[in-house]
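One file, entry.pdb, is given below (PDB, C-alpha atoms, pLDDT in the B column).
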ATOM      1  CA  MET Y   1      -8.484 -30.429  12.443  1.00 61.00           C
ATOM      2  CA  LEU Y   2      -6.411 -27.300  12.954  1.00 62.00           C
ATOM      3  CA  GLY Y   3      -4.443 -28.067   9.800  1.00 65.00           C
ATOM      4  CA  TYR Y   4      -7.596 -28.165   7.673  1.00 73.00           C
ATOM      5  CA  VAL Y   5      -8.947 -24.982   9.239  1.00 70.00           C
ATOM      6  CA  SER Y   6      -5.604 -23.252   8.686  1.00 70.00           C
ATOM      7  CA  LEU Y   7      -5.511 -24.386   5.067  1.00 75.00           C
ATOM      8  CA  ALA Y   8      -9.072 -23.201   4.411  1.00 78.00           C
ATOM      9  CA  ILE Y   9      -8.451 -19.843   6.067  1.00 76.00           C
ATOM     10  CA  GLY Y  10      -5.203 -19.409   4.148  1.00 76.00           C
ATOM     11  CA  LEU Y  11      -6.923 -20.129   0.832  1.00 83.00           C
ATOM     12  CA  CYS Y  12      -9.740 -17.718   1.684  1.00 81.00           C
ATOM     13  CA  THR Y  13      -7.202 -15.028   2.542  1.00 79.00           C
ATOM     14  CA  ILE Y  14      -5.431 -15.493  -0.778  1.00 84.00           C
ATOM     15  CA  ALA Y  15      -8.724 -15.417  -2.715  1.00 86.00           C
ATOM     16  CA  VAL Y  16      -9.992 -12.294  -0.950  1.00 82.00           C
ATOM     17  CA  THR Y  17      -6.665 -10.523  -1.452  1.00 84.00           C
ATOM     18  CA  LEU Y  18      -6.755 -11.383  -5.154  1.00 89.00           C
ATOM     19  CA  VAL Y  19     -10.318 -10.063  -5.503  1.00 86.00           C
ATOM     20  CA  PHE Y  20      -9.333  -6.910  -3.616  1.00 85.00           C
ATOM     21  CA  VAL Y  21      -6.331  -6.233  -5.880  1.00 89.00           C
ATOM     22  CA  ILE Y  22      -8.352  -6.882  -9.056  1.00 89.00           C
ATOM     23  CA  THR Y  23     -11.071  -4.531  -7.797  1.00 85.00           C
ATOM     24  CA  TRP Y  24      -8.524  -1.838  -7.048  1.00 85.00           C
ATOM     25  CA  LEU Y  25      -6.972  -2.161 -10.512  1.00 89.00           C
ATOM     26  CA  TYR Y  26     -10.351  -2.130 -12.237  1.00 86.00           C
ATOM     27  CA  LEU Y  27     -11.781   0.838 -10.319  1.00 83.00           C
ATOM     28  CA  HIS Y  28      -8.635   2.903  -9.754  1.00 86.00           C
ATOM     29  CA  ASP Y  29      -9.801   5.961 -11.716  1.00 82.00           C
ATOM     30  CA  GLU Y  30     -13.186   6.121  -9.988  1.00 82.00           C
ATOM     31  CA  ILE Y  31     -11.584   5.738  -6.559  1.00 83.00           C
ATOM     32  CA  THR Y  32      -9.057   8.514  -7.159  1.00 85.00           C
ATOM     33  CA  ASN Y  33     -11.716  10.953  -8.415  1.00 82.00           C
ATOM     34  CA  SER Y  34     -14.270  10.502  -5.646  1.00 81.00           C
ATOM     35  CA  SER Y  35     -13.616  11.230  -1.979  1.00 84.00           C
ATOM     36  CA  SER Y  36     -16.567   9.103  -0.865  1.00 84.00           C
ATOM     37  CA  LEU Y  37     -15.148   6.132  -2.769  1.00 85.00           C
ATOM     38  CA  GLN Y  38     -11.743   6.843  -1.266  1.00 87.00           C
ATOM     39  CA  GLU Y  39     -13.289   6.678   2.187  1.00 89.00           C
ATOM     40  CA  GLU Y  40     -14.977   3.352   1.372  1.00 87.00           C
ATOM     41  CA  PHE Y  41     -11.718   2.068  -0.081  1.00 88.00           C
ATOM     42  CA  HIS Y  42      -9.764   2.998   3.045  1.00 89.00           C
ATOM     43  CA  SER Y  43     -12.304   1.292   5.296  1.00 89.00           C
ATOM     44  CA  THR Y  44     -12.070  -1.808   3.108  1.00 86.00           C
ATOM     45  CA  VAL Y  45      -8.271  -1.701   3.418  1.00 87.00           C
ATOM     46  CA  ARG Y  46      -8.617  -1.567   7.209  1.00 88.00           C
ATOM     47  CA  ARG Y  47     -10.957  -4.574   7.136  1.00 85.00           C
ATOM     48  CA  MET Y  48      -8.453  -6.417   4.947  1.00 84.00           C
ATOM     49  CA  ILE Y  49      -5.664  -5.723   7.444  1.00 85.00           C
ATOM     50  CA  VAL Y  50      -7.822  -7.024  10.306  1.00 83.00           C
ATOM     51  CA  SER Y  51      -8.672 -10.121   8.284  1.00 80.00           C
ATOM     52  CA  ILE Y  52      -5.011 -10.886   7.629  1.00 80.00           C
ATOM     53  CA  GLY Y  53      -4.198 -10.152  11.279  1.00 81.00           C
ATOM     54  CA  ILE Y  54      -6.748 -12.695  12.471  1.00 78.00           C
ATOM     55  CA  PHE Y  55      -5.123 -15.237  10.168  1.00 75.00           C
ATOM     56  CA  VAL Y  56      -1.593 -14.503  11.396  1.00 77.00           C
ATOM     57  CA  ILE Y  57      -2.146 -14.403  15.181  1.00 75.00           C
ATOM     58  CA  PRO Y  58      -2.356 -18.201  15.802  1.00 71.00           C
ATOM     59  CA  VAL Y  59       0.576 -18.835  13.475  1.00 70.00           C
ATOM     60  CA  VAL Y  60       2.751 -16.377  15.408  1.00 73.00           C
ATOM     61  CA  VAL Y  61       1.660 -17.914  18.730  1.00 69.00           C
ATOM     62  CA  TYR Y  62       2.605 -21.369  17.460  1.00 67.00           C
ATOM     63  CA  PHE Y  63       6.055 -20.250  16.350  1.00 70.00           C
ATOM     64  CA  LEU Y  64       6.735 -18.362  19.575  1.00 71.00           C
ATOM     65  CA  ASP Y  65       5.630 -21.241  21.814  1.00 66.00           C
ATOM     66  CA  ALA Y  66       8.790 -23.025  22.931  1.00 57.00           C
ATOM     67  CA  ARG Y  67       7.071 -26.280  23.895  1.00 63.00           C
ATOM     68  CA  LYS Y  68       5.109 -26.624  20.614  1.00 58.00           C
ATOM     69  CA  ARG Y  69       2.138 -28.060  22.534  1.00 56.00           C
ATOM     70  CA  PHE Y  70      -0.249 -25.721  20.737  1.00 51.00           C
ATOM     71  CA  VAL Y  71      -1.064 -28.329  18.073  1.00 54.00           C
ATOM     72  CA  ASN Y  72      -2.117 -31.005  20.562  1.00 56.00           C
ATOM     73  CA  ASP Y  73      -4.711 -29.002  22.492  1.00 60.00           C
ATOM     74  CA  ALA Y  74      -5.806 -26.604  19.766  1.00 59.00           C
ATOM     75  CA  GLU Y  75      -9.211 -28.058  18.861  1.00 64.00           C
ATOM     76  CA  PRO Y  76     -11.317 -25.582  20.910  1.00 67.00           C
ATOM     77  CA  TYR Y  77      -9.241 -22.662  19.663  1.00 69.00           C
ATOM     78  CA  ALA Y  78      -9.647 -23.752  16.046  1.00 69.00           C
ATOM     79  CA  PHE Y  79     -13.404 -23.276  16.200  1.00 74.00           C
ATOM     80  CA  VAL Y  80     -13.137 -19.850  17.847  1.00 76.00           C
ATOM     81  CA  TRP Y  81     -10.444 -18.815  15.386  1.00 75.00           C
ATOM     82  CA  SER Y  82     -12.476 -19.923  12.378  1.00 77.00           C
ATOM     83  CA  ALA Y  83     -15.633 -18.223  13.705  1.00 81.00           C
ATOM     84  CA  CYS Y  84     -13.766 -14.919  14.181  1.00 81.00           C
ATOM     85  CA  TYR Y  85     -12.304 -15.204  10.720  1.00 81.00           C
ATOM     86  CA  VAL Y  86     -15.681 -15.925   9.111  1.00 82.00           C
ATOM     87  CA  VAL Y  87     -17.189 -12.854  10.797  1.00 86.00           C
ATOM     88  CA  SER Y  88     -14.227 -10.774   9.627  1.00 84.00           C
ATOM     89  CA  LEU Y  89     -14.662 -12.079   6.070  1.00 84.00           C
ATOM     90  CA  LEU Y  90     -18.357 -11.214   6.133  1.00 86.00           C
ATOM     91  CA  PHE Y  91     -17.602  -7.608   7.070  1.00 87.00           C
ATOM     92  CA  LEU Y  92     -14.858  -7.444   4.440  1.00 85.00           C
ATOM     93  CA  THR Y  93     -17.180  -8.863   1.785  1.00 85.00           C
ATOM     94  CA  ALA Y  94     -19.891  -6.348   2.655  1.00 87.00           C
ATOM     95  CA  GLY Y  95     -17.432  -3.460   2.381  1.00 86.00           C
ATOM     96  CA  LEU Y  96     -15.959  -4.722  -0.874  1.00 86.00           C
ATOM     97  CA  THR Y  97     -19.420  -5.267  -2.355  1.00 88.00           C
ATOM     98  CA  SER Y  98     -20.569  -1.755  -1.504  1.00 88.00           C
ATOM     99  CA  LEU Y  99     -17.323  -0.317  -2.914  1.00 86.00           C
ATOM    100  CA  ILE Y 100     -17.791  -2.182  -6.200  1.00 86.00           C
ATOM    101  CA  ARG Y 101     -21.483  -1.213  -6.389  1.00 87.00           C
ATOM    102  CA  ASP Y 102     -20.873   2.483  -5.761  1.00 86.00           C
ATOM    103  CA  ALA Y 103     -17.876   2.686  -8.086  1.00 84.00           C
ATOM    104  CA  THR Y 104     -19.729   0.896 -10.856  1.00 83.00           C
ATOM    105  CA  ARG Y 105     -22.650   3.298 -10.457  1.00 83.00           C
ATOM    106  CA  GLU Y 106     -20.299   6.283 -10.719  1.00 80.00           C
ATOM    107  CA  ARG Y 107     -18.589   4.729 -13.728  1.00 78.00           C
ATOM    108  CA  LYS Y 108     -21.911   4.287 -15.538  1.00 79.00           C
ATOM    109  CA  THR Y 109     -23.237   7.758 -14.796  1.00 79.00           C
ATOM    110  CA  GLY Y 110     -19.895   9.533 -15.117  1.00 69.00           C
ATOM    111  CA  PHE Y 111     -20.924  11.765 -12.221  1.00 59.00           C
ATOM    112  CA  TYR Y 112     -18.603  12.234  -9.266  1.00 54.00           C
ATOM    113  CA  LYS Y 113     -20.304  13.719  -6.238  1.00 52.00           C
ATOM    114  CA  PHE Y 114     -17.188  15.043  -4.608  1.00 49.00           C
ATOM    115  CA  ARG Y 115     -14.475  16.019  -7.031  1.00 50.00           C
ATOM    116  CA  ARG Y 116     -11.025  16.783  -5.732  1.00 48.00           C
TER     117      ARG Y 116
END
File written out as structure tokens:
Amino acid sequence: MLGYVSLAIGLCTIAVTLVFVITWLYLHDEITNSSSLQEEFHSTVRRMIVSIGIFVIPVVVYFLDARKRFVNDAEPYAFVWSACYVVSLLFLTAGLTSLIRDATRERKTGFYKFRR
């Protein structure tokens, strides 16, 4: 069970990172010109770091455990781990969605509220 959860979480992490990088490349000019978008971008980066951290913590614990018993009694932890990761992904998705929405609105109107 833990193997399937780990695989699904790993694939979700890769997909979210890819979407994040594509969004950054697509909206780079709008983000650099608007301080409010920069603030949203930085909060999304922090959420991304937390999301990757939640993915890495059990892997590090497994590699540091000398007895390697973590796999045998990991079923209850797998559900807690996956629930924490899903909540983290929901917050990351909300932040990324609002960043894309606001940047697209500024791109269409050509108006930057807070120019640097």
Determine the residue set returned by the PyMOL selection byres ((chain Y and resi 48) around 9) for the present structure, and present it as a short mmCIF file (atom, residue, chain, number, x, y, z; two decimals) with C-alpha atoms, in the coordinates of the input.
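Written file, part.cif:
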data_model
loop_
_atom_site.label_atom_id
_atom_site.label_comp_id
_atom_site.auth_asym_id
_atom_site.auth_seq_id
_atom_site.Cartn_x
_atom_site.Cartn_y
_atom_site.Cartn_z
CA VAL Y 16 -9.99 -12.29 -0.95
CA THR Y 17 -6.66 -10.52 -1.45
CA PHE Y 20 -9.33 -6.91 -3.62
CA SER Y 43 -12.30 1.29 5.30
CA THR Y 44 -12.07 -1.81 3.11
CA VAL Y 45 -8.27 -1.70 3.42
CA ARG Y 46 -8.62 -1.57 7.21
CA ARG Y 47 -10.96 -4.57 7.14
CA ILE Y 49 -5.66 -5.72 7.44
CA VAL Y 50 -7.82 -7.02 10.31
CA SER Y 51 -8.67 -10.12 8.28
CA ILE Y 52 -5.01 -10.89 7.63
CA GLY Y 53 -4.20 -10.15 11.28
CA SER Y 88 -14.23 -10.77 9.63
CA LEU Y 89 -14.66 -12.08 6.07
CA LEU Y 92 -14.86 -7.44 4.44
#
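Proximity ranking of Y:Asp102, Y:Thr93, Y:Leu37, Y:His28 relative to Ala15 in chain Y places Y:Thr93 first, based on only C-alpha atoms.
Matched in the shown structure by the PyMOL selection byres ((chain Y and resi 27) around 10): Val21, Ile22, Thr23, Trp24, Leu25, Tyr26, His28, Asp29, Glu30, Ile31, Thr32, Leu37, Leu99, Ile100, Ala103, Thr104 and Arg107 of chain Y.
Candidate residues Y:Gln38, Y:Asn33, Y:Ser98, Y:Ser82 were compared for distance to Cys12 in chain Y, and the nearest is Y:Ser82, using all atoms listed in the file.
The coordinates place CA of Leu11 in chain Y at 19.7 Å from CA of Thr97 in chain Y.
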**Q.** Pick from Y:Leu96, Y:Val19, Y:Leu7, Y:Arg105 nearest to Phe55 in chain Y, counting only C-alpha atoms
**A.** Y:Leu7
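Atom to atom, CA of Phe41 in chain Y and CA of Val87 in chain Y stand 19.3 Å apart.
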Q | Atomic distance CA of Val5 in chain Y - CA of Pro58 in chain Y, expressed in Å with one decimal | A | 11.5 Å
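You can rank Y:Glu40, Y:Ser34, Y:Trp81, Y:Ile14 by their closest distance to Ala94 in chain Y using only C-alpha atoms, and at the top of that list sits Y:Glu40.
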